[in-house]
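**Student:** Structure supplied as target_8.pdb; contents: PDB, C-alpha atoms, pLDDT in the B column.
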ATOM      1  CA  MET M 914     -67.425 -40.882  80.400  1.00 52.00           C
ATOM      2  CA  SER M 915     -68.836 -37.355  80.038  1.00 51.00           C
ATOM      3  CA  LEU M 916     -67.790 -34.899  77.339  1.00 46.00           C
ATOM      4  CA  THR M 917     -66.006 -32.866  79.990  1.00 46.00           C
ATOM      5  CA  ASP M 918     -64.000 -35.929  81.082  1.00 43.00           C
ATOM      6  CA  ILE M 919     -63.079 -36.713  77.468  1.00 41.00           C
ATOM      7  CA  TYR M 920     -62.066 -33.095  76.874  1.00 41.00           C
ATOM      8  CA  MET M 921     -59.953 -32.963  80.049  1.00 41.00           C
ATOM      9  CA  THR M 922     -58.233 -36.269  79.199  1.00 44.00           C
ATOM     10  CA  HIS M 923     -57.521 -34.990  75.698  1.00 43.00           C
ATOM     11  CA  MET M 924     -56.129 -31.682  76.994  1.00 45.00           C
ATOM     12  CA  CYS M 925     -53.940 -33.419  79.589  1.00 45.00           C
ATOM     13  CA  SER M 926     -52.473 -35.579  76.810  1.00 54.00           C
ATOM     14  CA  PHE M 927     -51.588 -32.466  74.827  1.00 60.00           C
ATOM     15  CA  GLU M 928     -49.972 -30.902  77.883  1.00 70.00           C
ATOM     16  CA  LEU M 929     -47.647 -33.912  78.134  1.00 71.00           C
ATOM     17  CA  TYR M 930     -46.554 -33.325  74.520  1.00 76.00           C
ATOM     18  CA  TYR M 931     -46.258 -29.565  74.918  1.00 81.00           C
ATOM     19  CA  LYS M 932     -43.864 -29.788  77.852  1.00 83.00           C
ATOM     20  CA  ASP M 933     -41.201 -31.384  75.618  1.00 86.00           C
ATOM     21  CA  HIS M 934     -41.545 -28.751  72.877  1.00 90.00           C
ATOM     22  CA  ALA M 935     -40.840 -25.082  73.508  1.00 90.00           C
ATOM     23  CA  PRO M 936     -43.125 -22.487  71.881  1.00 92.00           C
ATOM     24  CA  CYS M 937     -40.194 -21.550  69.589  1.00 91.00           C
ATOM     25  CA  GLY M 938     -39.889 -25.139  68.324  1.00 91.00           C
ATOM     26  CA  ILE M 939     -36.907 -26.346  70.336  1.00 87.00           C
ATOM     27  CA  TYR M 940     -37.207 -30.014  71.299  1.00 87.00           C
ATOM     28  CA  CYS M 941     -36.447 -29.656  74.997  1.00 85.00           C
ATOM     29  CA  LYS M 942     -35.227 -33.228  75.550  1.00 83.00           C
ATOM     30  CA  LYS M 943     -32.200 -32.547  73.303  1.00 79.00           C
ATOM     31  CA  CYS M 944     -31.425 -29.024  74.510  1.00 78.00           C
ATOM     32  CA  PRO M 945     -28.087 -28.638  76.347  1.00 77.00           C
ATOM     33  CA  GLY M 946     -29.908 -26.563  78.974  1.00 78.00           C
ATOM     34  CA  VAL M 947     -31.484 -29.756  80.314  1.00 80.00           C
ATOM     35  CA  LYS M 948     -28.066 -31.175  81.132  1.00 80.00           C
ATOM     36  CA  PHE M 949     -26.080 -28.064  82.023  1.00 83.00           C
ATOM     37  CA  TYR M 950     -28.716 -26.009  83.822  1.00 84.00           C
ATOM     38  CA  ASN M 951     -31.121 -28.708  85.037  1.00 86.00           C
ATOM     39  CA  CYS M 952     -33.793 -27.098  82.881  1.00 84.00           C
ATOM     40  CA  LYS M 953     -37.225 -28.733  82.913  1.00 85.00           C
ATOM     41  CA  GLY M 954     -38.321 -26.969  79.725  1.00 84.00           C
ATOM     42  CA  CYS M 955     -39.327 -23.381  79.246  1.00 85.00           C
ATOM     43  CA  ARG M 956     -43.050 -24.018  79.588  1.00 88.00           C
ATOM     44  CA  GLU M 957     -42.559 -25.498  83.044  1.00 88.00           C
ATOM     45  CA  GLN M 958     -40.058 -22.804  84.009  1.00 88.00           C
ATOM     46  CA  LYS M 959     -42.125 -19.961  82.533  1.00 90.00           C
ATOM     47  CA  GLY M 960     -39.396 -19.047  80.042  1.00 87.00           C
ATOM     48  CA  GLN M 961     -36.612 -18.596  82.577  1.00 86.00           C
ATOM     49  CA  ILE M 962     -33.630 -20.895  82.842  1.00 82.00           C
ATOM     50  CA  LYS M 963     -31.382 -20.507  85.872  1.00 82.00           C
ATOM     51  CA  ASP M 964     -30.432 -16.829  86.313  1.00 84.00           C
ATOM     52  CA  PHE M 965     -30.877 -15.876  82.663  1.00 83.00           C
ATOM     53  CA  PRO M 966     -33.479 -13.278  81.679  1.00 87.00           C
ATOM     54  CA  VAL M 967     -36.927 -14.546  80.715  1.00 89.00           C
ATOM     55  CA  CYS M 968     -36.920 -15.628  77.060  1.00 88.00           C
ATOM     56  CA  LYS M 969     -38.451 -12.889  74.884  1.00 91.00           C
ATOM     57  CA  THR M 970     -39.901 -15.479  72.505  1.00 91.00           C
ATOM     58  CA  TYR M 971     -41.610 -17.248  75.405  1.00 92.00           C
ATOM     59  CA  GLU M 972     -42.996 -13.936  76.691  1.00 93.00           C
ATOM     60  CA  CYS M 973     -44.270 -12.988  73.243  1.00 95.00           C
ATOM     61  CA  ILE M 974     -46.026 -16.255  72.468  1.00 93.00           C
ATOM     62  CA  THR M 975     -47.642 -16.628  75.889  1.00 92.00           C
ATOM     63  CA  GLN M 976     -48.861 -13.002  75.876  1.00 95.00           C
ATOM     64  CA  LYS M 977     -50.505 -13.670  72.512  1.00 95.00           C
ATOM     65  CA  GLY M 978     -52.100 -16.864  73.850  1.00 94.00           C
ATOM     66  CA  TYR M 979     -50.524 -19.264  71.359  1.00 94.00           C
ATOM     67  CA  ASN M 980     -48.901 -22.641  71.977  1.00 92.00           C
ATOM     68  CA  PHE M 981     -46.313 -22.273  69.189  1.00 94.00           C
ATOM     69  CA  CYS M 982     -44.825 -19.433  67.157  1.00 95.00           C
ATOM     70  CA  TYR M 983     -46.175 -20.784  63.851  1.00 95.00           C
ATOM     71  CA  GLU M 984     -49.700 -19.874  65.039  1.00 95.00           C
ATOM     72  CA  CYS M 985     -48.802 -16.170  64.993  1.00 95.00           C
ATOM     73  CA  GLU M 986     -49.501 -14.021  61.921  1.00 95.00           C
ATOM     74  CA  GLU M 987     -45.946 -12.607  62.244  1.00 93.00           C
ATOM     75  CA  PHE M 988     -44.308 -16.056  61.897  1.00 93.00           C
ATOM     76  CA  PRO M 989     -41.436 -16.281  61.156  1.00 90.00           C
ATOM     77  CA  CYS M 990     -40.140 -13.245  62.995  1.00 91.00           C
ATOM     78  CA  GLU M 991     -36.798 -11.894  64.162  1.00 89.00           C
ATOM     79  CA  LYS M 992     -37.074 -13.669  67.518  1.00 88.00           C
ATOM     80  CA  LEU M 993     -36.433 -16.966  65.692  1.00 86.00           C
ATOM     81  CA  GLN M 994     -33.309 -15.717  63.891  1.00 81.00           C
ATOM     82  CA  PRO M 995     -30.378 -18.139  64.367  1.00 73.00           C
ATOM     83  CA  ILE M 996     -27.406 -16.446  66.041  1.00 66.00           C
ATOM     84  CA  VAL M 997     -23.789 -17.532  65.614  1.00 61.00           C
ATOM     85  CA  ASN M 998     -23.127 -16.739  69.272  1.00 62.00           C
ATOM     86  CA  PHE M 999     -25.565 -19.559  70.096  1.00 58.00           C
ATOM     87  CA  GLU M1000     -23.839 -22.157  67.906  1.00 55.00           C
ATOM     88  CA  ILE M1001     -23.126 -24.264  70.998  1.00 56.00           C
ATOM     89  CA  PHE M1002     -26.878 -24.463  71.498  1.00 59.00           C
ATOM     90  CA  ALA M1003     -27.503 -26.467  68.322  1.00 63.00           C
ATOM     91  CA  PRO M1004     -31.283 -26.770  68.937  1.00 66.00           C
ATOM     92  CA  HIS M1005     -31.620 -23.060  68.138  1.00 69.00           C
ATOM     93  CA  ASN M1006     -30.818 -23.815  64.498  1.00 74.00           C
ATOM     94  CA  SER M1007     -33.697 -26.294  64.198  1.00 82.00           C
ATOM     95  CA  LYS M1008     -36.501 -24.082  65.494  1.00 87.00           C
ATOM     96  CA  ILE M1009     -38.123 -23.113  62.192  1.00 89.00           C
ATOM     97  CA  TYR M1010     -37.934 -26.673  60.828  1.00 87.00           C
ATOM     98  CA  ASN M1011     -39.475 -28.075  64.014  1.00 90.00           C
ATOM     99  CA  LEU M1012     -42.262 -25.482  64.008  1.00 93.00           C
ATOM    100  CA  LEU M1013     -43.130 -26.226  60.392  1.00 92.00           C
ATOM    101  CA  MET M1014     -43.184 -29.957  61.122  1.00 90.00           C
ATOM    102  CA  ILE M1015     -45.455 -29.409  64.157  1.00 92.00           C
ATOM    103  CA  LYS M1016     -47.759 -27.315  61.955  1.00 93.00           C
ATOM    104  CA  LYS M1017     -47.721 -29.963  59.191  1.00 92.00           C
ATOM    105  CA  HIS M1018     -48.110 -33.108  61.317  1.00 90.00           C
ATOM    106  CA  GLY M1019     -49.637 -31.853  64.570  1.00 90.00           C
ATOM    107  CA  ILE M1020     -47.956 -32.143  67.971  1.00 89.00           C
ATOM    108  CA  VAL M1021     -48.932 -35.788  68.577  1.00 86.00           C
ATOM    109  CA  GLU M1022     -47.516 -37.092  65.274  1.00 88.00           C
ATOM    110  CA  TRP M1023     -44.445 -34.801  65.437  1.00 89.00           C
ATOM    111  CA  ASN M1024     -43.700 -36.114  68.903  1.00 86.00           C
ATOM    112  CA  LYS M1025     -43.496 -39.628  67.415  1.00 86.00           C
ATOM    113  CA  LEU M1026     -41.090 -38.485  64.661  1.00 86.00           C
ATOM    114  CA  CYS M1027     -39.102 -35.991  66.691  1.00 85.00           C
ATOM    115  CA  GLU M1028     -36.576 -38.303  68.328  1.00 82.00           C
ATOM    116  CA  GLU M1029     -35.481 -39.796  64.999  1.00 82.00           C
ATOM    117  CA  LYS M1030     -35.390 -36.393  63.275  1.00 81.00           C
ATOM    118  CA  THR M1031     -33.362 -34.943  66.133  1.00 78.00           C
ATOM    119  CA  ASP M1032     -30.863 -37.796  65.888  1.00 77.00           C
ATOM    120  CA  LEU M1033     -30.529 -37.048  62.163  1.00 74.00           C
ATOM    121  CA  TYR M1034     -29.952 -33.378  62.985  1.00 73.00           C
ATOM    122  CA  TYR M1035     -27.116 -34.110  65.405  1.00 72.00           C
ATOM    123  CA  LYS M1036     -25.598 -37.252  63.886  1.00 71.00           C
ATOM    124  CA  GLY M1037     -26.929 -37.494  60.333  1.00 65.00           C
ATOM    125  CA  ARG M1038     -24.845 -37.573  57.191  1.00 62.00           C
ATOM    126  CA  LYS M1039     -25.686 -36.958  53.568  1.00 59.00           C
ATOM    127  CA  ILE M1040     -25.115 -40.152  51.646  1.00 58.00           C
ATOM    128  CA  LYS M1041     -24.566 -38.383  48.299  1.00 56.00           C
ATOM    129  CA  TYR M1042     -24.389 -34.895  46.887  1.00 55.00           C
ATOM    130  CA  GLY M1043     -27.498 -33.245  45.542  1.00 51.00           C
ATOM    131  CA  GLY M1044     -30.021 -33.373  48.365  1.00 52.00           C
ATOM    132  CA  ASP M1045     -30.181 -37.111  48.828  1.00 53.00           C
ATOM    133  CA  LEU M1046     -31.669 -38.474  52.019  1.00 55.00           C
ATOM    134  CA  LEU M1047     -29.910 -38.248  55.326  1.00 53.00           C
ATOM    135  CA  THR M1048     -28.784 -41.362  57.126  1.00 55.00           C
ATOM    136  CA  LEU M1049     -27.235 -42.455  60.380  1.00 53.00           C
ATOM    137  CA  GLU M1050     -25.336 -45.225  58.583  1.00 57.00           C
ATOM    138  CA  LYS M1051     -21.631 -44.889  57.887  1.00 60.00           C
ATOM    139  CA  LYS M1052     -20.651 -43.578  54.491  1.00 57.00           C
ATOM    140  CA  ASP M1053     -18.942 -45.768  51.932  1.00 61.00           C
ATOM    141  CA  PRO M1054     -15.282 -44.629  52.157  1.00 62.00           C
ATOM    142  CA  ASP M1055     -14.923 -44.983  48.367  1.00 65.00           C
ATOM    143  CA  MET M1056     -18.020 -42.930  47.584  1.00 58.00           C
ATOM    144  CA  TYR M1057     -16.195 -39.753  46.593  1.00 56.00           C
ATOM    145  CA  LYS M1058     -13.187 -41.315  44.867  1.00 62.00           C
ATOM    146  CA  LYS M1059     -12.925 -40.608  41.176  1.00 63.00           C
ATOM    147  CA  LYS M1060     -14.256 -43.494  39.160  1.00 61.00           C
ATOM    148  CA  LYS M1061     -11.998 -45.037  36.509  1.00 67.00           C
ATOM    149  CA  LYS M1062     -13.349 -44.740  33.004  1.00 66.00           C
ATOM    150  CA  ASP M1063     -13.958 -48.003  31.165  1.00 63.00           C
ATOM    151  CA  THR M1064     -11.914 -48.127  27.962  1.00 56.00           C
TER     152      THR M1064
END
In structure tokens, write the structure found in this file.

**Tutor:**
Amino acid sequence: MSLTDIYMTHMCSFELYYKDHAPCGIYCKKCPGVKFYNCKGCREQKGQIKDFPVCKTYECITQKGYNFCYECEEFPCEKLQPIVNFEIFAPHNSKIYNLLMIKKHGIVEWNKLCEEKTDLYYKGRKIKYGGDLLTLEKKDPDMYKKKKKDT
């Protein structure tokens, strides 16, 4: 196999990962746009879903030649600001976290972790106060009841 073949195989693999992750960090497979608007992901649709205007974040990042917003010297910028009006589009609240995880782990490793992390985002519960780990398990119903003092 020539170096060109190896390079092309490697790049095609990355393209498969990129299609499931928007430049802004949204994990496309969990975005409501997939279900409600038959969206195939903003990379495939060039930043335009249905009749909506082209996404300004998509335009910005592709004009600068980056794959993800975290690569930009202006990251994080106002385009990634969560907006209450978009609360029904829960993935918008996870953009910065996802981008930082992609930067930390790389797209291949993040893709392996992403499904579990996304499930925690949508369905996770804190098991105790104080920043303890998240879980998908049911909470102990007696966890928050006042404990009786031993006398």

**Student:** What is the CA of Gly946 in chain M-CA of Glu986 in chain M distance in Å, reported with one decimal?

**Tutor:**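 We find that CA of Gly946 in chain M and CA of Glu986 in chain M lie 28.8 Å from each other.
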
**Student:** List as a list in words the protein and nucleic acid residues near Lys1016 in chain M, meaning an atom at most 12 Å away when only C-alpha atoms are counted, but skip any in the same chain fewer than 6 places from it.

**Tutor:** Pro936, Gly938, Asn980, Phe981, Cys982, Tyr983, Glu984, Cys985, Phe988, Ile1009, Tyr1010, Glu1022, Trp1023 and Asn1024 of chain M

**Student:** Can you sort out the box for range 942-960 of chain M, edges along x, y and z, all listed atoms in, 4 Å on every side, with centre and edge lengths in Å to one decimal, as lines of an AutoDock Vina configuration file?

**Tutor:**
center_x = -34.6
center_y = -26.1
center_z = 79.2
size_x = 25.0
size_y = 22.2
size_z = 19.7

**Student:** Pull out every residue that the PyMOL selection byres ((chain M and resi 942) around 10) matches in the shown coordinates and put them as a list of chain:residue names.

**Tutor:**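 Applied to this file, the PyMOL selection byres ((chain M and resi 942) around 10) selects M:Lys932, M:Asp933, M:His934, M:Ile939, M:Tyr940, M:Cys941, M:Lys943, M:Cys944, M:Pro945, M:Gly946, M:Val947, M:Lys948, M:Cys952, M:Lys953, M:Gly954, M:Glu1028, M:Thr1031.
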
**Student:** From the set M:Lys1017, M:Ile974, M:Ala935, M:Asn1011, which residue has the shortest atom-to-atom contact distance to Lys1030 in chain M, counting all atoms listed in the file?

**Tutor:** M:Asn1011

**Student:** Mind telling me what the PyMOL selection byres ((chain M and resi 961) around 12) catches here, as a ChimeraX atom specification?

**Tutor:** /M:935,946,950-960,962-972

**Student:** So the first atom is CA of Lys992 in chain M and the second is CA of Asn1006 in chain M; what is the distance between them in Å, to one decimal place?

**Tutor:**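 Interatomic distance, CA of Lys992 in chain M to CA of Asn1006 in chain M: 12.3 Å.
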
**Student:** Work out how far CA of Cys937 in chain M is from CA of Glu991 in chain M, in Å to one decimal.

**Tutor:**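 A separation of 11.6 Å between them.
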